[in-house]
Every structure is written in C-alpha cells, then in structure tokens.
Amino acid sequence: MRWMHAAGRGLLAVAVLLVGYAGFGIQPGDADAGSTKGRGPMTLVTAGDLTDYLGPLLDDWNRGRPKERVTVVELPDSADETRAQMISELRSGSDRFDVLNIDVAWTSEFAAAGWVRPLDPDRFPLDAFLPPVVDTATFDGRLYAVPYVTNAGMLYYRSDILRREGERPPRTWAELARQARTLAPEYGMGGYAGQFLPYEGLTVNATEAVHSAGGSFLRDDGARVTVDSAAARAGLEFLAGGVRDGWISPDARGYKEEESRQAFQDGRLLFLRNWPYVYSLAGAKGSKVAGKFAAVPLPGPSGPGTSVLGGSNLAVSSRSRHPQSAADLISYLTSERVQRQVLTAGSLPPVRAALYEDPALIRDFPYLPTLRQSILAAEPRPKSPRYDQVSLAVQAVVQDVMALRQTPEQAVARLTRELGSIARRG
C-alpha cells in the first residue's frame with residue numbers, strides 16, 4: 001500500500017506483487033463447490049498493479065496449469081479504498097475472491113472477522129523466512145496468512161556532509177538531534193523528517209518511536225491497552241522535542257513517503273526516515289544526492305531503535321472454492337526462485353532470509369545488510385480486530401503532540417482512554 005512500499009513510480013507496487021500464496025490446511029467440513037479436490041481456477045485480489053513484475057510470474061503459472069488459471073482483480077491504488085472494497089465483498093459472503101493480498105496490519109482484523117482461513121504452519125517453510133515477518137501473519141496465536149514481501153524503515157543520511165564534518169551516522173536519538181540541530185542549518189537544509197502527515201505513515205512513525213523506547217500501545221491480542229508507560233511518553237517526547245527544538249521542520253509535518261523522499265533527494269534534508277525503495281531512486285542518475293548518501297538502522301534512546309514491519313501478507317478467503325490450488329500457488333510464489341525475482345525484478349524486500357546474505361545480490365542492492373538488521377529488530381504495528389480505529393486514534397493524538405497542542409503525558413492519558421474504548425468494543 002502506498003505508505004509502505006514503493007518501487008519505481010509508485011509506493012503501491014508491493015501490494016500488487018503479493019498475489020497469491022498461502023499453504024494452509026483445509027479444515028474439516030470445508031466443502032468445495034467447484035471441485036471435489038478443491039482445485040480449479042482462482043481469483044486473486046490486490047491493489048492496482050503498477051509494475052510489470054506480476055504479469056510474467058502469473059503467465060508462467062497459467063501456462064503450466066491451465067485448469068488452475070489465476071485471474072487478477074485489481075482494486076484502487078489507495079490502501080483505504082482497497083481495504084473497503086475487499087471488506088464489502090467479504091461481508092456479503094461472496095466467493096468471488098480466493099486469495100487476498102492484505103496489508104500486514106489487516107491480518108488481525110480479517111482473522112477476527114472470520115474472513116480468512118487459519119493456516120497450517122507446517123505447510124510452509126516458515127523457518128526459512130526472516131523471523132519477525134512471520135509474526136505479522138499471526139493473530140491470537142494462530143497463523144492466518146503467509147508473508148510474501150516485507151519492509152522496514154531505515155535512516156537515510158548525507159554521508160558526504162557527515163564525512164566532511166568528521167561525524168559518524170547517529171546511533172541514538174541524542175546524536176540524531178544534535179547533528180540535525182547543529183549541522184543542517186550550516187548547509188541550509190532541514191534536519192530530520194519522517195512521514196508526519198496524519199495518515200497511516202504517522203501511526204508507523206509514532207509506533208517506531210514508542211517501540212524504540214521499549215513501550216507499546218496494545219497487548220498482542222489487542223484486548224488490553226499498554227500505552228500508559230514511561231517508555232511511551234519518552235517515544236512521544238522524541239517527536240515533540242524535534243518540533244519544539246526545530247530539527248523537525250514544520251514542512252515535515254505535511255510529508256508522506258513521496259514528499260519526504262523528494263525533499264531528501266533534492267538535497268533539502270540531512271536525515272530521512274523512509275522505506276528501502278528510496279535507495280534506488282535517490283541513487284539514480286539525475287538525483288542531487290546520488291553517491292552522497294547512505295542508510296543505517298533507525299536510532300533509539302541508547303542505540304539502534306525498532307522499525308515497524310511493513311509489507312503484505314497473502315491470505316485465503318474463507319469462501320475460497322479452490323483452496324488446494326490456492327495453496328499450490330502460494331507455495332510457488334514463496335519459492336526461493338520467485339522470492340529472488342521479488343527483489344531483482346520488483347526491487348521489493350523478500351522474506352527469505354538467505355537472500356539477504358547472497359554476495360551477488362548485495363553487490364546490486366548494497367542496502368541489504370542494513371535492511372536485514374532493521375527487519376530483524378522490527379516489530380508489527382499494534383494488533384487489533386479494529387486496527388483501523390486504533391490507527392486513527394494514534395494519528396489524531398500524535399498530530400496534536402507534534403503540533404505542540406498536547407504534552408506527551410496528556411497524549412498518553414488520552415490514548416489510554418480512546419484505545420480502551422476501542423478494545424472494549426472489539
């Protein structure tokens with residue numbers, strides 16, 4: 001979805017590429033209307049395909065299995081619209097979709113609603129995946145989807161400037177604040193930016209700050225609020241302090257992924273928190289910072305911080321008519337060969353751990369070791385059957401914190417009340 005992924009001309013590419021895998025165990029009593037063996041043609045639903053990557057992969061599948069042909073249904077590019085249209089179909093009891101490409105943050109909601117099937121973890125090579133990505137596909141202790149593309153935030157920095165000033169890239173919030181506050185003005189640029197417009201990106205940035213400080217918003221099952229802590233207040237103070245002390249500029253509070261990427265690429269920022277797709281664009285011919293930047297893991301209070309896991313998971317609709325075919329398709333798309341193409345053809349972070357240590361891939365994608373480190377330290381966003389409401393509450397409160405209308409203490413008290421109300425309704 002647009003705030004989480006991006007390759008080439010759109011951040012939505014990831015959502016498109018994740019079109020179909022899941023090896024699940026068929027539950028007792030699962031009848032298949034179209035085939036006694038659960039096999040036949042399938043429909044794969046995803047956000048709009050903005051790349052040329054998906055077509056060839058599915059052409060290969062369709063040539064080899066003409067009786068299990070995959071048809072892709074593309075929904076709007078907007079993550080919110082995609083989610084709304086998927087839910088509309090699922091609530092109606094329609095069997096139109098077999099495989100669902102869902103944002104990692106939707107897994108809990110779709111599982112709790114009974115829209116997707118629980119999966120048999122023994123059916124997948126989960127031990128070959130980067131460990132944190134598997135957590136995004138679980139809810140209440142069960143596997144409901146399979147990771148296909150992952151993502152984690154990194155800190156981009158102007159390596160030429162830090163080198164000239166005899167500085168190393170920051171590992172802590174204090175180092176980041178000092179360098180952003182003192183060095184950036186000398187070069188006529190802003191200090192630090194993330195994605196601070198009130199949308200899903202703000203939830204991500206706030207969650208990273210709170211998690212980096214050791215805090216959380218909700219317990220893993222979404223039933224208990226945990227935000228009332230010194231760690232959560234420290235995470236929000238990191239963001240508020242940046243605005244108050246000027247090293248987060250007012251412009252940054254209007255940035256999403258692309259606005260912040262463009263500001264860094266145009267030479268207007270010393271530091272940027274963003275996703276891995278920025279690396280290839282900022283390093284491309286014509287970029288003002290090509291050859292002048294690098295990336296490190298996000299900083300935290302006393303060392304490397306915690307990124308939020310991005311990416312998409314693939315799930316099987318509870319109404320799927322051909323679940324066995326869906327399982328085979330998912331296995332195909334999670335094979336090491338296809339995962340390699342996810343990276344080389346789609347410029348998207350794969351979930352297979354071995355690919356991050358492949359010397360040939362590292363030569364072509366030098367950020368892989370840093371990305372691997374970021375993913376291994378990353379955590380999912382808050383899990384809740386009402387995640388959309390949780391995210392809206394976090395956005396509204398953090399927006400007020402960064403506008404200096406509320407203190408972190410007031411914000412934590414407000415979040416405790418609002419998230420508690422959501423949890424009770426859930």
# chains A, B, ... in the order shown; residues from 1 in each chain; ligands from 1
>>> residues_around(residues="segment 184-187 of chain A", least_positions_apart="6", cutoff="10 Å", atoms="only C-alpha atoms", output="MDAnalysis selection string")
chainID A and resid 161 178 247 267:271
>>> closest_atom_pairs(of="segment 291-347 of chain A", to="segment 119-143 of chain A", cutoff="12 Å", atoms="only C-alpha atoms", output="tab-separated table")
residue	atom	partner	partner_atom	distance
A:Thr306	CA	A:Pro132	CA	11.7
A:Ser307	CA	A:Pro132	CA	11.1
A:Val308	CA	A:Pro132	CA	10.3
A:Leu309	CA	A:Val133	CA	7.2
A:Gly310	CA	A:Val133	CA	8.8
A:Gly311	CA	A:Val133	CA	8.7
A:Ser312	CA	A:Thr136	CA	8.9
A:Asn313	CA	A:Ala137	CA	6.6
A:Leu314	CA	A:Ala137	CA	8.6
A:Ala315	CA	A:Leu119	CA	8.6
A:Val316	CA	A:Leu119	CA	8.5
A:Ser317	CA	A:Leu119	CA	11.0
A:Ser318	CA	A:Leu119	CA	10.9
A:Pro323	CA	A:Leu119	CA	11.0
A:Gln324	CA	A:Arg123	CA	11.8
A:Ala326	CA	A:Leu119	CA	11.9
A:Ala327	CA	A:Arg123	CA	8.9
A:Asp328	CA	A:Arg123	CA	10.4
A:Ile330	CA	A:Phe124	CA	9.4
A:Ser331	CA	A:Phe124	CA	7.5
A:Tyr332	CA	A:Phe124	CA	11.1
A:Leu333	CA	A:Phe124	CA	11.7
A:Thr334	CA	A:Phe124	CA	8.9
A:Ser335	CA	A:Pro125	CA	9.2
A:Glu336	CA	A:Ala128	CA	9.5
A:Gln339	CA	A:Phe129	CA	10.7
>>> closest_residue(among="A:Ser325, A:Asn151, A:Gln85, A:Gln262", to="Arg65 of chain A", atoms="only C-alpha atoms")
A:Ser325
>>> atom_distance(atom1="atom CA of Glu89 of chain A", atom2="atom CA of Ser421 of chain A")
27.6 Å
>>> select_by_dssp(residues="segment 260-395 of chain A", states="alpha helix (DSSP H)", output="PyMOL selection string")
chain A and resi 260-265+277-282+323-333+336-344+359-364+368-376+387-395
>>> select_by_dssp(residues="segment 92-285 of chain A", states="strand (DSSP E)", output="PyMOL selection string")
chain A and resi 99-103+138-139+142-143+146-152+154-158+190-193+269-274
>>> write_last_selection(atoms="C-alpha atoms", output="PDB file, in the first residue's frame")
ATOM      1  CA  VAL A  99      -6.519 -15.259  -2.474  1.00  0.00           C
ATOM      2  CA  LEU A 100      -6.376 -11.882  -0.733  1.00  0.00           C
ATOM      3  CA  ASN A 101      -3.367  -9.579  -0.766  1.00  0.00           C
ATOM      4  CA  ILE A 102      -3.628  -7.751   2.552  1.00  0.00           C
ATOM      5  CA  ASP A 103      -1.551  -5.171   4.319  1.00  0.00           C
ATOM      6  CA  THR A 138      -0.474 -14.361  13.166  1.00  0.00           C
ATOM      7  CA  PHE A 139      -3.376 -13.408  15.393  1.00  0.00           C
ATOM      8  CA  ARG A 142      -2.615 -18.803  15.087  1.00  0.00           C
ATOM      9  CA  LEU A 143      -1.315 -18.371  11.546  1.00  0.00           C
ATOM     10  CA  VAL A 146       1.842 -16.065   4.930  1.00  0.00           C
ATOM     11  CA  PRO A 147       4.386 -13.262   4.489  1.00  0.00           C
ATOM     12  CA  TYR A 148       5.448 -12.560   0.934  1.00  0.00           C
ATOM     13  CA  VAL A 149       7.082  -9.130   0.908  1.00  0.00           C
ATOM     14  CA  THR A 150       8.432  -7.392   3.965  1.00  0.00           C
ATOM     15  CA  ASN A 151       9.701  -3.903   4.694  1.00  0.00           C
ATOM     16  CA  ALA A 152      11.390  -1.937   7.438  1.00  0.00           C
ATOM     17  CA  MET A 154      15.832   2.929   7.689  1.00  0.00           C
ATOM     18  CA  LEU A 155      17.601   6.203   8.419  1.00  0.00           C
ATOM     19  CA  TYR A 156      18.998   7.822   5.283  1.00  0.00           C
ATOM     20  CA  TYR A 157      21.713  10.397   5.830  1.00  0.00           C
ATOM     21  CA  ARG A 158      24.003  12.647   3.826  1.00  0.00           C
ATOM     22  CA  GLY A 190      16.191  20.704   7.287  1.00  0.00           C
ATOM     23  CA  GLY A 191      17.404  18.356   9.970  1.00  0.00           C
ATOM     24  CA  TYR A 192      15.119  15.331  10.052  1.00  0.00           C
ATOM     25  CA  ALA A 193      11.870  14.157   8.523  1.00  0.00           C
ATOM     26  CA  LEU A 269      17.238  17.181   4.322  1.00  0.00           C
ATOM     27  CA  LEU A 270      20.179  15.891   6.314  1.00  0.00           C
ATOM     28  CA  PHE A 271      18.293  12.860   7.685  1.00  0.00           C
ATOM     29  CA  LEU A 272      15.244  10.951   6.494  1.00  0.00           C
ATOM     30  CA  ARG A 273      13.313   8.011   7.879  1.00  0.00           C
ATOM     31  CA  ASN A 274      11.801   6.056   4.977  1.00  0.00           C
TER      32      ASN A 274
END
>>> closest_residue(among="A:Phe217, A:Val296, A:Pro349, A:Gln265", to="Thr203 of chain A", atoms="only C-alpha atoms")
A:Phe217
>>> atom_distance(atom1="atom CA of Ala230 of chain A", atom2="atom CA of Pro380 of chain A")
20.5 Å
>>> closest_residue(among="A:Met402, A:Ala396, A:Leu162, A:Ala112", to="Leu239 of chain A", atoms="only C-alpha atoms")
A:Met402
>>> closest_atom_pairs(of="segment 109-219 of chain A", to="segment 73-80 of chain A", cutoff="12 Å", atoms="only C-alpha atoms", output="CSV")
residue,atom,partner,partner_atom,distance
A:Tyr199,CA,A:Asp80,CA,10.4
A:Glu200,CA,A:Ala79,CA,9.7
A:Gly201,CA,A:Ala79,CA,11.9
>>> atom_distance(atom1="atom CA of Lys67 of chain A", atom2="atom CA of Asp95 of chain A")
18.4 Å
>>> residues_around(residues="segment 280-288 of chain A", least_positions_apart="6", cutoff="9 Å", atoms="only C-alpha atoms", output="list in words")
Ala7, Gly8, Arg261, Gln262, Phe264, Gln265, Asp266, Gly267, Ser347 and Phe365 of chain A
>>> closest_residue(among="A:Val390, A:Leu368, A:Ile87, A:Val210", to="Ala105 of chain A", atoms="only C-alpha atoms")
A:Val390
>>> closest_residue(among="A:His322, A:Arg117, A:Arg244, A:Arg181", to="Glu68 of chain A", atoms="only C-alpha atoms")
A:His322
>>> closest_residue(among="A:Leu404, A:Ala232, A:Leu355, A:Val225", to="Ala206 of chain A", atoms="only C-alpha atoms")
A:Ala232
>>> decode(residues="segment 186-336 of chain A", atoms="C-alpha atoms", output="PDB file, in the first residue's frame")
ATOM      1  CA  GLU A 186      25.063  25.216   8.227  1.00  0.00           C
ATOM      2  CA  TYR A 187      24.144  23.639   4.889  1.00  0.00           C
ATOM      3  CA  GLY A 188      20.805  25.383   4.504  1.00  0.00           C
ATOM      4  CA  MET A 189      18.700  22.265   4.930  1.00  0.00           C
ATOM      5  CA  GLY A 190      16.191  20.704   7.287  1.00  0.00           C
ATOM      6  CA  GLY A 191      17.404  18.356   9.970  1.00  0.00           C
ATOM      7  CA  TYR A 192      15.119  15.331  10.052  1.00  0.00           C
ATOM      8  CA  ALA A 193      11.870  14.157   8.523  1.00  0.00           C
ATOM      9  CA  GLY A 194       9.700  11.094   8.533  1.00  0.00           C
ATOM     10  CA  GLN A 195       6.104  10.667   7.455  1.00  0.00           C
ATOM     11  CA  PHE A 196       4.276  13.008   9.798  1.00  0.00           C
ATOM     12  CA  LEU A 197       1.067  13.867   7.949  1.00  0.00           C
ATOM     13  CA  PRO A 198      -1.891  12.379   9.859  1.00  0.00           C
ATOM     14  CA  TYR A 199      -2.368   9.148   7.900  1.00  0.00           C
ATOM     15  CA  GLU A 200      -1.084   5.593   8.317  1.00  0.00           C
ATOM     16  CA  GLY A 201       2.504   6.783   7.979  1.00  0.00           C
ATOM     17  CA  LEU A 202       2.166   8.830  11.166  1.00  0.00           C
ATOM     18  CA  THR A 203       0.969   5.732  13.011  1.00  0.00           C
ATOM     19  CA  VAL A 204       4.074   3.927  11.762  1.00  0.00           C
ATOM     20  CA  ASN A 205       6.472   6.691  12.818  1.00  0.00           C
ATOM     21  CA  ALA A 206       4.842   7.036  16.234  1.00  0.00           C
ATOM     22  CA  THR A 207       4.879   3.272  16.775  1.00  0.00           C
ATOM     23  CA  GLU A 208       8.570   3.151  15.909  1.00  0.00           C
ATOM     24  CA  ALA A 209       9.311   5.877  18.466  1.00  0.00           C
ATOM     25  CA  VAL A 210       7.288   4.172  21.198  1.00  0.00           C
ATOM     26  CA  HIS A 211       8.686   0.703  20.446  1.00  0.00           C
ATOM     27  CA  SER A 212      12.251   2.040  20.287  1.00  0.00           C
ATOM     28  CA  ALA A 213      11.829   3.374  23.815  1.00  0.00           C
ATOM     29  CA  GLY A 214      10.559  -0.024  24.978  1.00  0.00           C
ATOM     30  CA  GLY A 215       6.859   0.795  25.036  1.00  0.00           C
ATOM     31  CA  SER A 216       3.752  -0.442  23.252  1.00  0.00           C
ATOM     32  CA  PHE A 217       0.140   0.519  22.575  1.00  0.00           C
ATOM     33  CA  LEU A 218      -1.721  -2.775  22.954  1.00  0.00           C
ATOM     34  CA  ARG A 219      -1.090  -6.319  24.111  1.00  0.00           C
ATOM     35  CA  ASP A 220      -0.556  -8.760  21.242  1.00  0.00           C
ATOM     36  CA  ASP A 221      -4.201  -9.887  21.120  1.00  0.00           C
ATOM     37  CA  GLY A 222      -5.441  -6.298  21.088  1.00  0.00           C
ATOM     38  CA  ALA A 223      -7.537  -6.806  24.220  1.00  0.00           C
ATOM     39  CA  ARG A 224      -5.537  -4.767  26.732  1.00  0.00           C
ATOM     40  CA  VAL A 225      -4.140  -1.241  26.476  1.00  0.00           C
ATOM     41  CA  THR A 226      -0.461  -0.908  27.427  1.00  0.00           C
ATOM     42  CA  VAL A 227       0.344   2.654  26.347  1.00  0.00           C
ATOM     43  CA  ASP A 228       0.352   4.153  29.855  1.00  0.00           C
ATOM     44  CA  SER A 229       4.091   3.872  30.435  1.00  0.00           C
ATOM     45  CA  ALA A 230       7.196   5.988  30.799  1.00  0.00           C
ATOM     46  CA  ALA A 231       8.521   4.403  27.610  1.00  0.00           C
ATOM     47  CA  ALA A 232       5.517   5.531  25.560  1.00  0.00           C
ATOM     48  CA  ARG A 233       5.851   9.046  26.936  1.00  0.00           C
ATOM     49  CA  ALA A 234       9.562   9.040  26.021  1.00  0.00           C
ATOM     50  CA  GLY A 235       8.777   7.967  22.467  1.00  0.00           C
ATOM     51  CA  LEU A 236       6.256  10.771  22.009  1.00  0.00           C
ATOM     52  CA  GLU A 237       8.651  13.260  23.592  1.00  0.00           C
ATOM     53  CA  PHE A 238      11.246  12.358  20.935  1.00  0.00           C
ATOM     54  CA  LEU A 239       8.840  13.570  18.244  1.00  0.00           C
ATOM     55  CA  ALA A 240       7.565  16.572  20.189  1.00  0.00           C
ATOM     56  CA  GLY A 241      11.104  17.627  21.099  1.00  0.00           C
ATOM     57  CA  GLY A 242      12.152  17.573  17.466  1.00  0.00           C
ATOM     58  CA  VAL A 243       9.397  20.021  16.571  1.00  0.00           C
ATOM     59  CA  ARG A 244       9.915  22.178  19.641  1.00  0.00           C
ATOM     60  CA  ASP A 245      13.694  22.408  19.120  1.00  0.00           C
ATOM     61  CA  GLY A 246      13.452  22.968  15.383  1.00  0.00           C
ATOM     62  CA  TRP A 247      15.290  19.941  13.997  1.00  0.00           C
ATOM     63  CA  ILE A 248      11.970  18.628  12.680  1.00  0.00           C
ATOM     64  CA  SER A 249      10.757  21.428  10.435  1.00  0.00           C
ATOM     65  CA  PRO A 250       7.097  22.485  10.126  1.00  0.00           C
ATOM     66  CA  ASP A 251       7.148  21.261   6.496  1.00  0.00           C
ATOM     67  CA  ALA A 252       7.891  17.728   7.676  1.00  0.00           C
ATOM     68  CA  ARG A 253       4.527  17.544   9.402  1.00  0.00           C
ATOM     69  CA  GLY A 254       2.938  17.567   5.952  1.00  0.00           C
ATOM     70  CA  TYR A 255       5.055  14.767   4.476  1.00  0.00           C
ATOM     71  CA  LYS A 256       4.037  11.317   3.327  1.00  0.00           C
ATOM     72  CA  GLU A 257       6.526   8.890   1.753  1.00  0.00           C
ATOM     73  CA  GLU A 258       6.978  10.631  -1.549  1.00  0.00           C
ATOM     74  CA  GLU A 259       7.102  14.187  -0.237  1.00  0.00           C
ATOM     75  CA  SER A 260       9.780  13.236   2.275  1.00  0.00           C
ATOM     76  CA  ARG A 261      11.716  11.208  -0.306  1.00  0.00           C
ATOM     77  CA  GLN A 262      11.677  14.111  -2.740  1.00  0.00           C
ATOM     78  CA  ALA A 263      12.883  16.535  -0.071  1.00  0.00           C
ATOM     79  CA  PHE A 264      15.857  14.298   0.710  1.00  0.00           C
ATOM     80  CA  GLN A 265      16.585  13.596  -2.944  1.00  0.00           C
ATOM     81  CA  ASP A 266      16.516  17.323  -3.710  1.00  0.00           C
ATOM     82  CA  GLY A 267      19.145  17.953  -1.037  1.00  0.00           C
ATOM     83  CA  ARG A 268      16.772  19.618   1.427  1.00  0.00           C
ATOM     84  CA  LEU A 269      17.238  17.181   4.322  1.00  0.00           C
ATOM     85  CA  LEU A 270      20.179  15.891   6.314  1.00  0.00           C
ATOM     86  CA  PHE A 271      18.293  12.860   7.685  1.00  0.00           C
ATOM     87  CA  LEU A 272      15.244  10.951   6.494  1.00  0.00           C
ATOM     88  CA  ARG A 273      13.313   8.011   7.879  1.00  0.00           C
ATOM     89  CA  ASN A 274      11.801   6.056   4.977  1.00  0.00           C
ATOM     90  CA  TRP A 275      11.450   2.621   3.352  1.00  0.00           C
ATOM     91  CA  PRO A 276      14.086   0.788   1.244  1.00  0.00           C
ATOM     92  CA  TYR A 277      12.603   1.879  -2.084  1.00  0.00           C
ATOM     93  CA  VAL A 278      14.189   5.302  -1.549  1.00  0.00           C
ATOM     94  CA  TYR A 279      17.667   3.858  -2.001  1.00  0.00           C
ATOM     95  CA  SER A 280      17.370   3.135  -5.715  1.00  0.00           C
ATOM     96  CA  LEU A 281      15.552   6.379  -6.520  1.00  0.00           C
ATOM     97  CA  ALA A 282      17.882   8.630  -4.543  1.00  0.00           C
ATOM     98  CA  GLY A 283      20.861   6.911  -6.130  1.00  0.00           C
ATOM     99  CA  ALA A 284      19.571   7.107  -9.687  1.00  0.00           C
ATOM    100  CA  LYS A 285      21.013   9.288 -12.423  1.00  0.00           C
ATOM    101  CA  GLY A 286      19.790  12.859 -12.051  1.00  0.00           C
ATOM    102  CA  SER A 287      19.337  12.681  -8.279  1.00  0.00           C
ATOM    103  CA  LYS A 288      21.047  15.543  -6.466  1.00  0.00           C
ATOM    104  CA  VAL A 289      22.244  13.196  -3.745  1.00  0.00           C
ATOM    105  CA  ALA A 290      23.415  10.258  -5.884  1.00  0.00           C
ATOM    106  CA  GLY A 291      26.674   8.981  -4.404  1.00  0.00           C
ATOM    107  CA  LYS A 292      26.269  11.303  -1.408  1.00  0.00           C
ATOM    108  CA  PHE A 293      24.086   9.294   0.971  1.00  0.00           C
ATOM    109  CA  ALA A 294      23.898   6.020   2.866  1.00  0.00           C
ATOM    110  CA  ALA A 295      21.493   4.258   5.220  1.00  0.00           C
ATOM    111  CA  VAL A 296      21.700   2.826   8.740  1.00  0.00           C
ATOM    112  CA  PRO A 297      19.144   1.316  11.139  1.00  0.00           C
ATOM    113  CA  LEU A 298      16.856   3.762  12.884  1.00  0.00           C
ATOM    114  CA  PRO A 299      18.352   5.173  16.095  1.00  0.00           C
ATOM    115  CA  GLY A 300      16.815   4.707  19.531  1.00  0.00           C
ATOM    116  CA  PRO A 301      17.302   6.139  23.023  1.00  0.00           C
ATOM    117  CA  SER A 302      20.599   4.347  23.692  1.00  0.00           C
ATOM    118  CA  GLY A 303      21.403   2.505  20.448  1.00  0.00           C
ATOM    119  CA  PRO A 304      19.682   1.163  17.360  1.00  0.00           C
ATOM    120  CA  GLY A 305      15.919   1.541  17.560  1.00  0.00           C
ATOM    121  CA  THR A 306      12.964  -0.507  16.403  1.00  0.00           C
ATOM    122  CA  SER A 307      11.356  -0.218  12.992  1.00  0.00           C
ATOM    123  CA  VAL A 308       7.784  -1.124  12.200  1.00  0.00           C
ATOM    124  CA  LEU A 309       7.435  -4.087   9.876  1.00  0.00           C
ATOM    125  CA  GLY A 310       5.822  -3.162   6.606  1.00  0.00           C
ATOM    126  CA  GLY A 311       4.883  -5.373   3.716  1.00  0.00           C
ATOM    127  CA  SER A 312       1.965  -7.529   2.691  1.00  0.00           C
ATOM    128  CA  ASN A 313       0.656 -10.956   3.558  1.00  0.00           C
ATOM    129  CA  LEU A 314      -1.374 -13.345   1.461  1.00  0.00           C
ATOM    130  CA  ALA A 315      -4.434 -14.994   2.929  1.00  0.00           C
ATOM    131  CA  VAL A 316      -7.024 -17.451   1.668  1.00  0.00           C
ATOM    132  CA  SER A 317     -10.636 -16.364   1.760  1.00  0.00           C
ATOM    133  CA  SER A 318     -12.894 -18.455   3.956  1.00  0.00           C
ATOM    134  CA  ARG A 319     -15.176 -18.722   0.917  1.00  0.00           C
ATOM    135  CA  SER A 320     -12.473 -19.895  -1.497  1.00  0.00           C
ATOM    136  CA  ARG A 321     -13.822 -22.519  -3.898  1.00  0.00           C
ATOM    137  CA  HIS A 322     -10.417 -23.971  -4.766  1.00  0.00           C
ATOM    138  CA  PRO A 323      -8.249 -23.896  -1.653  1.00  0.00           C
ATOM    139  CA  GLN A 324      -5.857 -26.621  -2.783  1.00  0.00           C
ATOM    140  CA  SER A 325      -4.976 -24.672  -5.914  1.00  0.00           C
ATOM    141  CA  ALA A 326      -4.531 -21.577  -3.794  1.00  0.00           C
ATOM    142  CA  ALA A 327      -2.088 -23.455  -1.571  1.00  0.00           C
ATOM    143  CA  ASP A 328      -0.051 -24.536  -4.577  1.00  0.00           C
ATOM    144  CA  LEU A 329       0.020 -21.023  -5.989  1.00  0.00           C
ATOM    145  CA  ILE A 330       1.206 -19.686  -2.682  1.00  0.00           C
ATOM    146  CA  SER A 331       3.970 -22.238  -2.489  1.00  0.00           C
ATOM    147  CA  TYR A 332       5.056 -21.249  -5.980  1.00  0.00           C
ATOM    148  CA  LEU A 333       5.185 -17.558  -5.135  1.00  0.00           C
ATOM    149  CA  THR A 334       7.131 -18.140  -1.925  1.00  0.00           C
ATOM    150  CA  SER A 335       9.753 -20.352  -3.524  1.00  0.00           C
ATOM    151  CA  GLU A 336      13.310 -19.082  -3.390  1.00  0.00           C
TER     152      GLU A 336
END
